[in-house]
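Enquirer: Below is the file work.txt, which contains compact mmCIF, C-alpha atoms.
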```
# COMPACT_ATOMS: atom_id res chain seq x y z
CA MET A 35 81.69 67.11 131.96
CA ILE A 36 81.95 65.89 128.40
CA ALA A 37 78.49 67.25 127.64
CA SER A 38 79.39 70.61 129.17
CA ALA A 39 82.57 70.75 127.14
CA MET A 40 80.65 70.02 123.93
CA VAL A 41 78.12 72.73 124.70
CA ALA A 42 80.90 75.22 125.44
CA PHE A 43 82.66 74.28 122.19
CA THR A 44 79.45 74.70 120.20
CA LEU A 45 78.66 78.04 121.80
CA GLY A 46 82.22 79.17 121.15
CA GLY A 47 81.90 78.18 117.52
CA LEU A 48 78.62 80.05 117.16
CA THR A 49 80.19 83.10 118.75
CA MET A 50 83.11 83.00 116.32
CA TRP A 51 81.02 82.38 113.21
CA PRO A 52 80.18 86.05 112.48
CA LEU A 53 83.88 86.89 112.65
CA VAL A 54 84.77 83.99 110.35
CA ARG A 55 82.07 85.06 107.90
CA ARG A 56 83.34 88.66 107.89
CA LEU A 57 86.90 87.47 107.28
CA ARG A 58 85.75 85.26 104.40
CA ASN A 59 83.83 88.15 102.86
CA ARG A 60 86.86 90.41 103.17
CA LEU A 61 89.04 87.75 101.53
CA ALA A 62 86.54 87.39 98.68
CA ASP A 63 86.45 91.16 98.22
CA ALA A 64 90.25 91.35 98.21
CA THR A 65 90.44 88.57 95.61
CA LEU A 66 87.86 90.37 93.48
CA GLN A 67 89.84 93.60 93.64
CA LEU A 68 93.08 91.85 92.77
CA GLU A 69 91.64 90.30 89.62
CA HIS A 70 89.27 93.03 88.40
CA ASP A 71 89.67 96.47 86.89
CA PRO A 72 88.01 99.16 89.04
CA VAL A 73 86.97 101.35 86.09
CA THR A 74 85.21 98.78 83.89
CA GLY A 75 84.55 95.92 86.30
CA MET A 76 86.24 93.60 83.80
CA LEU A 77 89.06 91.24 84.61
CA ASN A 78 92.48 92.87 84.85
CA ARG A 79 95.76 91.31 83.69
CA ALA A 80 96.01 89.03 86.75
CA GLY A 81 92.41 87.95 86.27
CA LEU A 82 93.02 87.25 82.59
CA LEU A 83 95.99 85.04 83.44
CA SER A 84 93.75 83.02 85.76
CA ALA A 85 91.05 82.86 83.09
CA HIS A 86 93.61 81.66 80.54
CA ALA A 87 94.69 78.84 82.86
CA THR A 88 91.07 77.76 83.26
CA LEU A 89 90.29 78.01 79.55
CA ALA A 90 93.51 76.23 78.57
CA LYS A 91 92.65 73.36 80.91
CA ALA A 92 89.13 73.11 79.51
CA ALA A 93 90.37 73.35 75.92
CA ALA A 94 92.80 70.46 76.45
CA SER A 95 94.64 70.06 73.15
CA GLN A 96 92.43 72.52 71.27
CA PRO A 97 93.80 75.93 70.28
CA ILE A 98 92.33 79.11 71.72
CA VAL A 99 91.65 82.50 70.15
CA VAL A 100 93.46 85.50 71.62
CA VAL A 101 92.28 89.01 70.79
CA LEU A 102 94.17 92.19 71.62
CA ILE A 103 92.33 95.50 71.27
CA ASP A 104 93.94 98.93 71.40
CA LEU A 105 91.81 102.06 71.10
CA ASP A 106 92.93 104.53 68.44
CA ASP A 107 93.90 108.01 69.65
CA PHE A 108 91.96 107.85 72.90
CA LYS A 109 93.87 110.73 74.52
CA PRO A 110 91.73 113.47 72.88
CA VAL A 111 88.68 112.02 74.63
CA ASN A 112 90.23 112.67 78.03
CA ASP A 113 91.54 116.06 76.90
CA THR A 114 88.14 117.17 75.62
CA HIS A 115 85.72 115.62 78.09
CA GLY A 116 87.85 115.02 81.18
CA HIS A 117 89.08 111.81 82.76
CA ASP A 118 85.77 110.97 84.44
CA ARG A 119 83.98 110.99 81.11
CA GLY A 120 86.92 109.18 79.60
CA ASP A 121 86.41 106.45 82.18
CA ASP A 122 82.73 106.31 81.19
CA VAL A 123 83.78 105.70 77.59
CA LEU A 124 86.27 103.03 78.63
CA ALA A 125 83.58 101.29 80.67
CA ALA A 126 81.05 101.44 77.83
CA ILE A 127 83.51 100.01 75.33
CA GLY A 128 84.63 97.42 77.85
CA GLY A 129 81.02 96.30 78.19
CA ARG A 130 80.77 95.81 74.43
CA ILE A 131 83.99 93.81 74.35
CA ALA A 132 82.83 91.64 77.27
CA ASP A 133 79.48 91.01 75.55
CA ILE A 134 81.15 89.85 72.34
CA ALA A 135 83.51 87.59 74.27
CA ALA A 136 80.63 86.09 76.25
CA LEU A 137 78.69 85.50 73.02
CA HIS A 138 81.56 83.28 71.87
CA GLY A 139 81.88 81.52 75.23
CA GLY A 140 84.98 83.46 76.27
CA THR A 141 86.04 86.22 78.61
CA ALA A 142 87.53 89.69 78.33
CA ALA A 143 89.77 92.01 80.32
CA ARG A 144 91.08 95.54 80.42
CA LEU A 145 94.84 95.17 80.52
CA SER A 146 95.76 98.82 81.09
CA GLY A 147 94.86 102.27 79.84
CA ASP A 148 92.98 101.87 76.56
CA GLU A 149 94.08 98.29 75.92
CA TYR A 150 91.79 95.28 76.22
CA ALA A 151 92.07 91.57 75.52
CA ALA A 152 89.72 88.64 75.03
CA LEU A 153 90.11 84.87 75.19
CA LEU A 154 87.76 82.67 73.21
CA PRO A 155 87.47 78.93 72.73
CA VAL A 156 87.75 77.87 69.11
CA ARG A 157 84.18 77.43 67.85
CA THR A 158 84.64 78.78 64.35
CA ALA A 159 87.50 79.10 61.91
CA ASP A 160 86.27 82.51 60.77
CA LEU A 161 88.62 84.69 62.82
CA ALA A 162 88.08 87.63 60.48
CA ARG A 163 84.35 87.70 61.25
CA ILE A 164 85.03 87.68 65.00
CA ALA A 165 87.59 90.46 64.68
CA ASP A 166 85.29 92.56 62.47
CA THR A 167 82.58 92.28 65.12
CA PHE A 168 84.90 93.80 67.70
CA VAL A 169 85.94 96.58 65.30
CA ALA A 170 82.37 97.44 64.28
CA LEU A 171 80.80 97.48 67.74
CA ILE A 172 83.61 99.45 69.35
CA ALA A 173 83.20 102.11 66.66
CA GLN A 174 79.54 102.69 67.58
CA PRO A 175 79.10 106.11 69.26
CA VAL A 176 79.06 106.29 73.04
CA ASP A 177 76.34 108.53 74.45
CA LEU A 178 77.70 111.18 76.81
CA THR A 179 74.63 113.41 76.76
CA ASP A 180 74.08 113.04 80.51
CA GLY A 181 75.51 116.42 81.43
CA ALA A 182 78.10 116.33 78.63
CA PRO A 183 78.03 117.49 75.03
CA GLY A 184 77.02 114.99 72.38
CA MET A 185 78.36 111.61 71.44
CA VAL A 186 81.89 110.24 71.39
CA THR A 187 83.13 107.85 68.74
CA VAL A 188 86.26 105.82 69.34
CA THR A 189 87.76 103.26 66.97
CA ALA A 190 90.13 100.40 67.68
CA SER A 191 92.91 98.37 66.14
CA VAL A 192 92.35 94.67 66.73
CA GLY A 193 94.88 91.85 66.57
CA ILE A 194 93.71 88.26 66.64
CA ALA A 195 95.71 85.06 66.84
CA LEU A 196 95.41 81.34 67.41
CA ALA A 197 97.55 79.74 70.08
CA GLU A 198 97.85 76.30 71.54
CA SER A 199 96.37 75.92 75.00
CA THR A 200 99.82 74.88 76.24
CA ASP A 201 101.58 77.98 74.87
CA PRO A 202 102.87 80.45 77.47
CA PHE A 203 100.23 83.15 77.58
CA GLU A 204 102.13 86.45 77.64
CA GLU A 205 105.28 85.29 75.85
CA VAL A 206 103.52 83.53 72.95
CA ALA A 207 99.71 83.79 72.81
CA LEU A 208 99.28 87.44 73.77
CA ARG A 209 102.41 88.52 71.91
CA ARG A 210 101.09 87.06 68.65
CA ALA A 211 97.88 89.04 69.04
CA ASP A 212 99.95 92.11 69.95
CA ILE A 213 102.01 91.82 66.75
CA ALA A 214 98.83 91.48 64.70
CA MET A 215 97.29 94.49 66.45
CA TYR A 216 100.27 96.66 65.57
CA HIS A 217 99.93 95.60 61.93
CA ALA A 218 96.30 96.72 62.03
CA LYS A 219 97.37 100.06 63.48
CA HIS A 220 100.16 100.38 60.90
CA HIS A 221 97.73 99.80 58.02
CA GLY A 222 95.27 102.52 58.92
CA ARG A 223 93.63 101.72 62.29
CA ASN A 224 89.94 101.00 62.82
CA ARG A 225 90.56 97.54 61.42
CA HIS A 226 91.87 94.12 62.34
CA ALA A 227 94.84 91.96 61.44
CA ILE A 228 95.22 88.21 61.90
CA TYR A 229 98.53 86.80 63.06
CA GLU A 230 100.29 84.57 60.57
CA PRO A 231 103.41 82.47 61.21
CA GLY A 232 106.51 84.56 60.65
CA MET A 233 104.72 87.87 61.18
CA ALA A 234 107.01 90.31 62.99
CA MET A 235 106.47 93.49 64.94
CA PRO A 236 106.45 96.57 62.63
CA ASP A 237 109.39 98.94 62.74
CA VAL A 238 109.57 101.11 65.84
CA GLU A 239 108.67 104.28 63.94
CA HIS A 240 105.40 102.64 62.90
CA ARG A 241 104.24 101.99 66.44
CA ARG A 242 103.81 103.98 69.59
CA GLY A 243 106.86 102.59 71.35
CA PRO A 244 107.78 99.50 73.35
CA ARG A 245 105.24 98.28 75.85
CA LEU A 246 106.12 97.25 79.37
CA ARG A 247 105.89 93.58 78.48
CA ASP A 248 108.15 94.16 75.45
CA ARG A 249 110.80 95.75 77.66
CA ARG A 250 110.47 92.97 80.22
CA LEU A 251 110.90 90.24 77.60
CA SER A 252 113.91 92.10 76.18
CA ASN A 253 115.49 92.34 79.62
CA GLU A 254 114.90 88.65 80.26
CA ALA A 255 116.50 87.76 76.93
CA THR A 256 119.67 89.73 77.72
CA ALA A 257 119.91 88.65 81.36
```
Could you rewrite the structure in this file as structure tokens?
Expert:
Amino acid sequence: MIASAMVAFTLGGLTMWPLVRRLRNRLADATLQLEHDPVTGMLNRAGLLSAHATLAKAAASQPIVVVLIDLDDFKPVNDTHGHDRGDDVLAAIGGRIADIAALHGGTAARLSGDEYAALLPVRTADLARIADTFVALIAQPVDLTDGAPGMVTVTASVGIALAESTDPFEEVALRRADIAMYHAKHHGRNRHAIYEPGMAMPDVEHRRGPRLRDRRLSNEATA
């Protein structure tokens, strides 16, 4: 009887295994979709938060480099070439950003719209060189000749900052890079700015308006 029960249990397990495997695959797919941007295949904001936690743990007491990238005047690309071609441009630029981040042992994400971010371990003190690499490669033309007219060139404003691995990501690390990015945009675009202690967000008239995270932080402060 014991042997029969064991055989029945084994057969039952074998019968259930395909279902278990399908459920695991579906769970993995759902997790991938939750943490990745469908247009570029890069991490999204949730994925970047997870990546920051992993990098912060690996970095221990070492600071990390946070890069925030905002494309300059991207709307005309969609207006001229259509949203599908605009998505092609976003994906191409996202690939460049991801390649640069990987070269430095980091990771990159598309946060929303035409905004990207990268997290890098500190391997060099030359933040300006890293930032200039992002600016220069993003500004390289994107080929849209496959059924579309010519090339598209998009530039970016890049903010870069150092943060401690223990700093809250959105409230401190990413915000520093955001402030630096707005300074780059304020001083002419297609350039970078490095966050320095005491640097503040430019006046409202010199930027495009409050971002969602800015409004959320403001609401939390007044709550």
Enquirer: I need the residue nearest Thr167 of chain A from this list: A:Met185, A:Ala87, A:Ala197, A:Ile103. Use all atoms listed in the file for the distance.
Expert: A:Ile103
Enquirer: With a distance cut-off of 9 Å and only C-alpha atoms, select the neighbouring residues of Leu161 of chain A, excluding the residue or stretch itself and same-chain residues fewer than 2 positions from it, and output the selection as a PyMOL selection string.
Expert: chain A and resi 99+158-159+163-166+194-196+228
Enquirer: Next, the residues of the selection above should be written as a PDB file, in the coordinates of the input with C-alpha atoms.
Expert:
```
ATOM      1  CA  VAL A  99      91.650  82.500  70.150  1.00  0.00           C
ATOM      2  CA  THR A 158      84.640  78.780  64.350  1.00  0.00           C
ATOM      3  CA  ALA A 159      87.500  79.100  61.910  1.00  0.00           C
ATOM      4  CA  ARG A 163      84.350  87.700  61.250  1.00  0.00           C
ATOM      5  CA  ILE A 164      85.030  87.680  65.000  1.00  0.00           C
ATOM      6  CA  ALA A 165      87.590  90.460  64.680  1.00  0.00           C
ATOM      7  CA  ASP A 166      85.290  92.560  62.470  1.00  0.00           C
ATOM      8  CA  ILE A 194      93.710  88.260  66.640  1.00  0.00           C
ATOM      9  CA  ALA A 195      95.710  85.060  66.840  1.00  0.00           C
ATOM     10  CA  LEU A 196      95.410  81.340  67.410  1.00  0.00           C
ATOM     11  CA  ILE A 228      95.220  88.210  61.900  1.00  0.00           C
TER      12      ILE A 228
END
```
Enquirer: Given all atoms listed in the file as the basis, pick out the residue of A:Ile98, A:Ala126, A:Ala143, A:Ala218 nearest to Val156 of chain A.
Expert: A:Ile98
Enquirer: Neighbours of Ala80 of chain A within 12 Å (only C-alpha atoms; same-chain residues fewer than 3 positions away dropped), as a PDB file with C-alpha atoms, in the frame of the given file?
Expert:
```pdb
ATOM      1  CA  THR A  65      90.440  88.570  95.610  1.00  0.00           C
ATOM      2  CA  LEU A  66      87.860  90.370  93.480  1.00  0.00           C
ATOM      3  CA  GLN A  67      89.840  93.600  93.640  1.00  0.00           C
ATOM      4  CA  LEU A  68      93.080  91.850  92.770  1.00  0.00           C
ATOM      5  CA  GLU A  69      91.640  90.300  89.620  1.00  0.00           C
ATOM      6  CA  HIS A  70      89.270  93.030  88.400  1.00  0.00           C
ATOM      7  CA  ASP A  71      89.670  96.470  86.890  1.00  0.00           C
ATOM      8  CA  MET A  76      86.240  93.600  83.800  1.00  0.00           C
ATOM      9  CA  LEU A  77      89.060  91.240  84.610  1.00  0.00           C
ATOM     10  CA  LEU A  83      95.990  85.040  83.440  1.00  0.00           C
ATOM     11  CA  SER A  84      93.750  83.020  85.760  1.00  0.00           C
ATOM     12  CA  ALA A  85      91.050  82.860  83.090  1.00  0.00           C
ATOM     13  CA  HIS A  86      93.610  81.660  80.540  1.00  0.00           C
ATOM     14  CA  ALA A  87      94.690  78.840  82.860  1.00  0.00           C
ATOM     15  CA  ALA A 142      87.530  89.690  78.330  1.00  0.00           C
ATOM     16  CA  ALA A 143      89.770  92.010  80.320  1.00  0.00           C
ATOM     17  CA  ARG A 144      91.080  95.540  80.420  1.00  0.00           C
ATOM     18  CA  LEU A 145      94.840  95.170  80.520  1.00  0.00           C
ATOM     19  CA  SER A 146      95.760  98.820  81.090  1.00  0.00           C
ATOM     20  CA  PHE A 203     100.230  83.150  77.580  1.00  0.00           C
ATOM     21  CA  GLU A 204     102.130  86.450  77.640  1.00  0.00           C
TER      22      GLU A 204
END
```
Enquirer: Please report the interatomic distance between atom CA of Ser199 of chain A and atom CA of Asp133 of chain A in Å with one decimal.
Expert: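 Separation of atom CA of Ser199 of chain A and atom CA of Asp133 of chain A: 22.7 Å.
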Enquirer: Between atom CA of Ala214 of chain A and atom CA of Ala125 of chain A, what distance in Å does the model show, to one decimal?
Expert: 24.2 Å
Enquirer: Give the answer as one residue: which of A:Asn224, A:Thr74, A:Thr200, A:Ser191 has the shortest atom-to-atom distance to Ala132 of chain A, using all atoms listed in the file?
Expert: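 Closest to Ala132 of chain A of all the choices is A:Thr74.
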Enquirer: Report, in Å to a single decimal, how far apart atom CA of Asp104 of chain A and atom CA of Ala190 of chain A are.
Expert: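 Value for the atom CA of Ala190 of chain A-atom CA of Asp104 of chain A distance: 5.5 Å.
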Enquirer: Contacts of Arg223 of chain A at 12 Å or less, counting only C-alpha atoms, minus same-chain residues fewer than 5 places along, as a list in words?
Expert: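 Once the nearby chain positions are removed, what remains is Ile103, Asp104, Leu105, Asp106, Asp107, Val169, Ala173, Val188, Thr189, Ala190, Ser191, Val192, Gly193, Ala214, Met215, Tyr216, His217, Ala218, His240 and Arg241 of chain A.
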Enquirer: Rank nothing, just name the residue among A:Asp118, A:Lys109, A:Leu82, A:Pro155 nearest to Ala94 of chain A, using only C-alpha atoms.
Expert: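 Checking each of A:Asp118, A:Lys109, A:Leu82, A:Pro155 against Ala94 of chain A, counting only C-alpha atoms, the winner is A:Pro155.
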